[in-house]
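**Student:** I am attaching a structure below and will ask some questions about it afterwards.
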Amino acid sequence: MTRREEPRPSLLRRTPVAEWTAAATGLALTLGVVAYLVWEALAGSGPSPVLIVTSEPARATDGGHVVPVTVRNESRATAAAVEIRGVLEQAGRPVEERRAVLAYVPGRGGARGGLVFQRNPADYELRVAAEGYESP
């Protein structure tokens with residue numbers, strides 16, 4: 001007598017549901033990453049960095065008066081070697097000037113630093129501004 005072979009179940013029936021779920025999740029994640037990378041490549045970094053500098057009240061230290069500064073970048077473009085200038089003025093005339101360089105200010109991010117003055121900034125008008133940057 002010949003033995004009758006039963007038909008083999010299809011691939012869909014042989015593969016567990018968890019395996020199909022894992023494969024679908026992996027495919028979705030891969031396609032998502034590829035789509036994001038293509039979008040980033042086509043969108044570019046956008047316009048030039050938009051740097052906004054703010055300062056906090058000075059703190060007296062042994063080395064002088066430290067004025068903490070924060071630089072916010074409102075653009076998607078990254079800025080490197082951001083030059084910050086702080087000037088103490090009295091009656092519109094500069095009394096003391098300090099500069100600092102922040103290594104990196106990411107797009108839509110910020111960085112912090114400080115300017116060290118010999119005179120107390122509370123006694124003068126303080127102006128802080130970003131003077132330049134490099135494109136990384």
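Simple scheme: letters A, B, ... for chains in structure tokens order, numbers from 1 for residues in each chain, numbers from 1 for ligands in the order shown.
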Looking only at helix (DSSP H, G or I) from DSSP on the backbone, list the matching residues of chain A as an mmCIF file with C-alpha atoms, in the first residue's frame.

**Tutor:**
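Output file states-v4.cif follows:
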```cif
data_model
loop_
_atom_site.group_PDB
_atom_site.id
_atom_site.type_symbol
_atom_site.label_atom_id
_atom_site.label_comp_id
_atom_site.auth_asym_id
_atom_site.auth_seq_id
_atom_site.Cartn_x
_atom_site.Cartn_y
_atom_site.Cartn_z
ATOM 1 C CA LEU A 11 3.721 29.358 4.886
ATOM 2 C CA LEU A 12 1.095 31.616 6.430
ATOM 3 C CA ARG A 13 -0.175 28.789 8.634
ATOM 4 C CA ARG A 14 3.306 27.500 9.577
ATOM 5 C CA VAL A 17 1.814 35.299 14.622
ATOM 6 C CA ALA A 18 4.587 36.708 16.833
ATOM 7 C CA GLU A 19 7.095 36.214 14.029
ATOM 8 C CA TRP A 20 4.870 38.052 11.534
ATOM 9 C CA THR A 21 4.389 40.850 14.065
ATOM 10 C CA ALA A 22 8.135 41.203 14.605
ATOM 11 C CA ALA A 23 8.773 41.260 10.857
ATOM 12 C CA ALA A 24 6.106 43.906 10.270
ATOM 13 C CA THR A 25 7.486 46.045 13.113
ATOM 14 C CA GLY A 26 11.027 45.784 11.719
ATOM 15 C CA LEU A 27 9.822 46.726 8.244
ATOM 16 C CA ALA A 28 7.884 49.729 9.572
ATOM 17 C CA LEU A 29 10.890 50.963 11.568
ATOM 18 C CA THR A 30 13.254 50.543 8.612
ATOM 19 C CA LEU A 31 10.929 52.388 6.240
ATOM 20 C CA GLY A 32 10.452 55.132 8.822
ATOM 21 C CA VAL A 33 14.204 55.671 9.225
ATOM 22 C CA VAL A 34 14.764 55.688 5.464
ATOM 23 C CA ALA A 35 11.905 58.185 4.971
ATOM 24 C CA TYR A 36 13.310 60.455 7.698
ATOM 25 C CA LEU A 37 16.810 60.384 6.179
ATOM 26 C CA VAL A 38 15.445 61.217 2.729
ATOM 27 C CA TRP A 39 13.381 64.072 4.193
ATOM 28 C CA GLU A 40 16.421 65.468 6.056
ATOM 29 C CA ALA A 41 18.556 65.258 2.921
ATOM 30 C CA LEU A 42 15.970 67.052 0.790
ATOM 31 C CA ALA A 43 15.051 69.663 3.404
ATOM 32 C CA PRO A 121 28.159 94.782 35.740
ATOM 33 C CA ALA A 122 25.364 95.846 38.109
ATOM 34 C CA ASP A 123 26.891 99.362 38.122
#
```

**Student:** Mind running range 25-83 of chain A against range 99-107 of chain A at 6 Å and telling me each contacting residue's nearest atom pair with the distance in Å (one decimal), counting only C-alpha atoms, chain and number ascending, as JSON lines?

**Tutor:**
```
{"residue": "A:Asn73", "atom": "CA", "partner": "A:Gly107", "partner_atom": "CA", "distance": 5.7}
{"residue": "A:Ser75", "atom": "CA", "partner": "A:Gly107", "partner_atom": "CA", "distance": 5.5}
{"residue": "A:Arg76", "atom": "CA", "partner": "A:Gly107", "partner_atom": "CA", "distance": 4.2}
{"residue": "A:Ala77", "atom": "CA", "partner": "A:Gly107", "partner_atom": "CA", "distance": 4.8}
{"residue": "A:Thr78", "atom": "CA", "partner": "A:Gly107", "partner_atom": "CA", "distance": 4.6}
{"residue": "A:Ala79", "atom": "CA", "partner": "A:Val105", "partner_atom": "CA", "distance": 5.2}
{"residue": "A:Ala80", "atom": "CA", "partner": "A:Tyr104", "partner_atom": "CA", "distance": 4.4}
{"residue": "A:Ala81", "atom": "CA", "partner": "A:Ala103", "partner_atom": "CA", "distance": 4.5}
{"residue": "A:Val82", "atom": "CA", "partner": "A:Leu102", "partner_atom": "CA", "distance": 5.0}
{"residue": "A:Glu83", "atom": "CA", "partner": "A:Val101", "partner_atom": "CA", "distance": 4.5}
```

**Student:** Run DSSP on the backbone and give me the residues of range 41-122 of chain A it puts in strand (DSSP E), as a ChimeraX atom specification.

**Tutor:** /A:51-55,59-61,64-73,79-90,93-105,110-117

**Student:** Please produce an output containing N, CA and C atoms for each residue in the selection, written as a compact mmCIF listing (two decimals), in the first residue's frame.

**Tutor:**
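Listing of out.txt after writing:
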```txt
# COMPACT_ATOMS: atom_id res chain seq x y z
N LEU A 51 20.69 83.44 16.08
CA LEU A 51 21.24 83.35 17.43
C LEU A 51 20.71 84.48 18.31
N ILE A 52 20.16 84.10 19.46
CA ILE A 52 19.62 85.05 20.43
C ILE A 52 20.41 84.88 21.72
N VAL A 53 21.03 85.97 22.17
CA VAL A 53 21.88 85.94 23.36
C VAL A 53 21.17 86.63 24.52
N THR A 54 21.11 85.96 25.65
CA THR A 54 20.55 86.54 26.87
C THR A 54 21.57 86.39 28.00
N SER A 55 21.48 87.28 28.96
CA SER A 55 22.40 87.21 30.10
C SER A 55 21.62 87.14 31.40
N ARG A 59 27.62 87.24 39.02
CA ARG A 59 28.00 86.64 40.30
C ARG A 59 29.44 87.03 40.60
N ALA A 60 29.68 87.53 41.79
CA ALA A 60 31.04 87.90 42.18
C ALA A 60 31.85 86.64 42.48
N THR A 61 33.08 86.58 41.95
CA THR A 61 33.99 85.46 42.20
C THR A 61 35.36 86.05 42.54
N GLY A 64 36.75 87.96 39.49
CA GLY A 64 36.00 89.07 38.91
C GLY A 64 34.51 88.83 39.06
N HIS A 65 33.76 89.33 38.10
CA HIS A 65 32.30 89.18 38.10
C HIS A 65 31.90 88.38 36.86
N VAL A 66 31.29 87.22 37.09
CA VAL A 66 30.91 86.32 35.99
C VAL A 66 29.46 86.60 35.60
N VAL A 67 29.27 86.86 34.31
CA VAL A 67 27.93 87.06 33.76
C VAL A 67 27.59 85.82 32.94
N PRO A 68 26.69 84.96 33.43
CA PRO A 68 26.28 83.79 32.63
C PRO A 68 25.49 84.23 31.39
N VAL A 69 25.82 83.67 30.25
CA VAL A 69 25.10 83.97 29.02
C VAL A 69 24.56 82.68 28.42
N THR A 70 23.41 82.80 27.79
CA THR A 70 22.78 81.68 27.09
C THR A 70 22.56 82.09 25.65
N VAL A 71 22.93 81.21 24.74
CA VAL A 71 22.71 81.45 23.31
C VAL A 71 21.70 80.43 22.82
N ARG A 72 20.58 80.91 22.29
CA ARG A 72 19.55 80.04 21.71
C ARG A 72 19.63 80.17 20.20
N ASN A 73 19.48 79.06 19.52
CA ASN A 73 19.48 79.05 18.06
C ASN A 73 18.06 78.72 17.61
N ALA A 79 25.38 76.14 14.37
CA ALA A 79 26.43 77.15 14.39
C ALA A 79 27.59 76.63 15.24
N ALA A 80 28.81 76.83 14.76
CA ALA A 80 30.00 76.43 15.50
C ALA A 80 30.84 77.67 15.76
N ALA A 81 31.70 77.59 16.76
CA ALA A 81 32.60 78.69 17.12
C ALA A 81 31.85 80.02 17.20
N VAL A 82 30.78 80.04 17.98
CA VAL A 82 29.95 81.24 18.11
C VAL A 82 30.66 82.26 19.00
N GLU A 83 30.90 83.43 18.45
CA GLU A 83 31.59 84.49 19.18
C GLU A 83 30.57 85.38 19.89
N ILE A 84 30.77 85.54 21.21
CA ILE A 84 29.89 86.36 22.03
C ILE A 84 30.69 87.56 22.53
N ARG A 85 30.09 88.74 22.47
CA ARG A 85 30.74 89.95 22.94
C ARG A 85 29.86 90.60 24.00
N GLY A 86 30.46 90.97 25.10
CA GLY A 86 29.76 91.69 26.16
C GLY A 86 30.47 93.00 26.43
N VAL A 87 29.70 94.08 26.51
CA VAL A 87 30.26 95.41 26.74
C VAL A 87 29.54 96.06 27.92
N LEU A 88 30.34 96.59 28.86
CA LEU A 88 29.79 97.40 29.93
C LEU A 88 29.87 98.85 29.47
N GLU A 89 28.75 99.57 29.53
CA GLU A 89 28.71 100.96 29.08
C GLU A 89 28.24 101.87 30.21
N GLN A 90 28.76 103.08 30.17
CA GLN A 90 28.31 104.11 31.11
C GLN A 90 28.12 105.39 30.29
N ARG A 93 29.18 105.18 26.64
CA ARG A 93 30.59 104.95 26.32
C ARG A 93 31.04 103.61 26.89
N PRO A 94 31.79 102.82 26.10
CA PRO A 94 32.28 101.53 26.61
C PRO A 94 33.28 101.72 27.74
N VAL A 95 33.10 100.92 28.80
CA VAL A 95 33.99 100.96 29.95
C VAL A 95 34.86 99.71 29.98
N GLU A 96 34.24 98.56 29.66
CA GLU A 96 34.96 97.29 29.67
C GLU A 96 34.30 96.35 28.66
N GLU A 97 35.13 95.56 27.98
CA GLU A 97 34.62 94.64 26.95
C GLU A 97 35.23 93.26 27.17
N ARG A 98 34.40 92.23 26.98
CA ARG A 98 34.85 90.84 27.08
C ARG A 98 34.25 90.03 25.94
N ARG A 99 34.97 88.99 25.56
CA ARG A 99 34.52 88.10 24.49
C ARG A 99 34.64 86.65 24.95
N ALA A 100 33.78 85.82 24.37
CA ALA A 100 33.82 84.38 24.63
C ALA A 100 33.44 83.67 23.34
N VAL A 101 33.90 82.43 23.19
CA VAL A 101 33.57 81.61 22.02
C VAL A 101 32.93 80.32 22.52
N LEU A 102 31.72 80.05 22.02
CA LEU A 102 31.03 78.80 22.34
C LEU A 102 31.29 77.85 21.17
N ALA A 103 31.75 76.66 21.48
CA ALA A 103 32.16 75.71 20.45
C ALA A 103 31.03 75.30 19.51
N TYR A 104 29.81 75.16 20.04
CA TYR A 104 28.75 74.54 19.25
C TYR A 104 27.39 74.98 19.77
N VAL A 105 26.52 75.44 18.88
CA VAL A 105 25.13 75.74 19.23
C VAL A 105 24.26 74.99 18.22
N GLY A 110 20.49 75.21 22.31
CA GLY A 110 21.18 76.30 22.96
C GLY A 110 22.49 75.87 23.57
N ALA A 111 23.24 76.87 24.05
CA ALA A 111 24.50 76.64 24.74
C ALA A 111 24.68 77.72 25.78
N ARG A 112 25.47 77.41 26.81
CA ARG A 112 25.70 78.36 27.90
C ARG A 112 27.18 78.62 28.04
N GLY A 113 27.50 79.81 28.52
CA GLY A 113 28.88 80.20 28.77
C GLY A 113 28.89 81.34 29.76
N GLY A 114 30.02 82.03 29.85
CA GLY A 114 30.10 83.15 30.78
C GLY A 114 31.13 84.17 30.32
N LEU A 115 30.90 85.41 30.70
CA LEU A 115 31.83 86.51 30.46
C LEU A 115 32.34 86.97 31.83
N VAL A 116 33.65 87.17 31.96
CA VAL A 116 34.24 87.56 33.23
C VAL A 116 34.70 89.02 33.14
N PHE A 117 34.07 89.87 33.93
CA PHE A 117 34.40 91.30 33.97
C PHE A 117 35.13 91.63 35.26
```

**Student:** For Ala91 in chain A, find every residue with an atom within 12 Å (counting only C-alpha atoms), except residues of its own chain fewer than 5 positions away, and show them as a PyMOL selection string.

**Tutor:** chain A and resi 123-126

**Student:** Between CA of Glu56 in chain A and CA of Asn120 in chain A, what is the spacing in Å?

**Tutor:**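 Result for CA of Asn120 in chain A versus CA of Glu56 in chain A: 13.2 Å, one decimal.
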
**Student:** Tell me, in Å to one decimal, how far CA of Pro47 in chain A is from CA of Gly132 in chain A.

**Tutor:**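 Distance reported for this atom pair: 15.3 Å.
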
**Student:** Have a look at CA of Gln118 in chain A and CA of Tyr133 in chain A and let me know their distance in Å, one decimal.

**Tutor:**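 CA of Gln118 in chain A sits 26.1 Å away from CA of Tyr133 in chain A.
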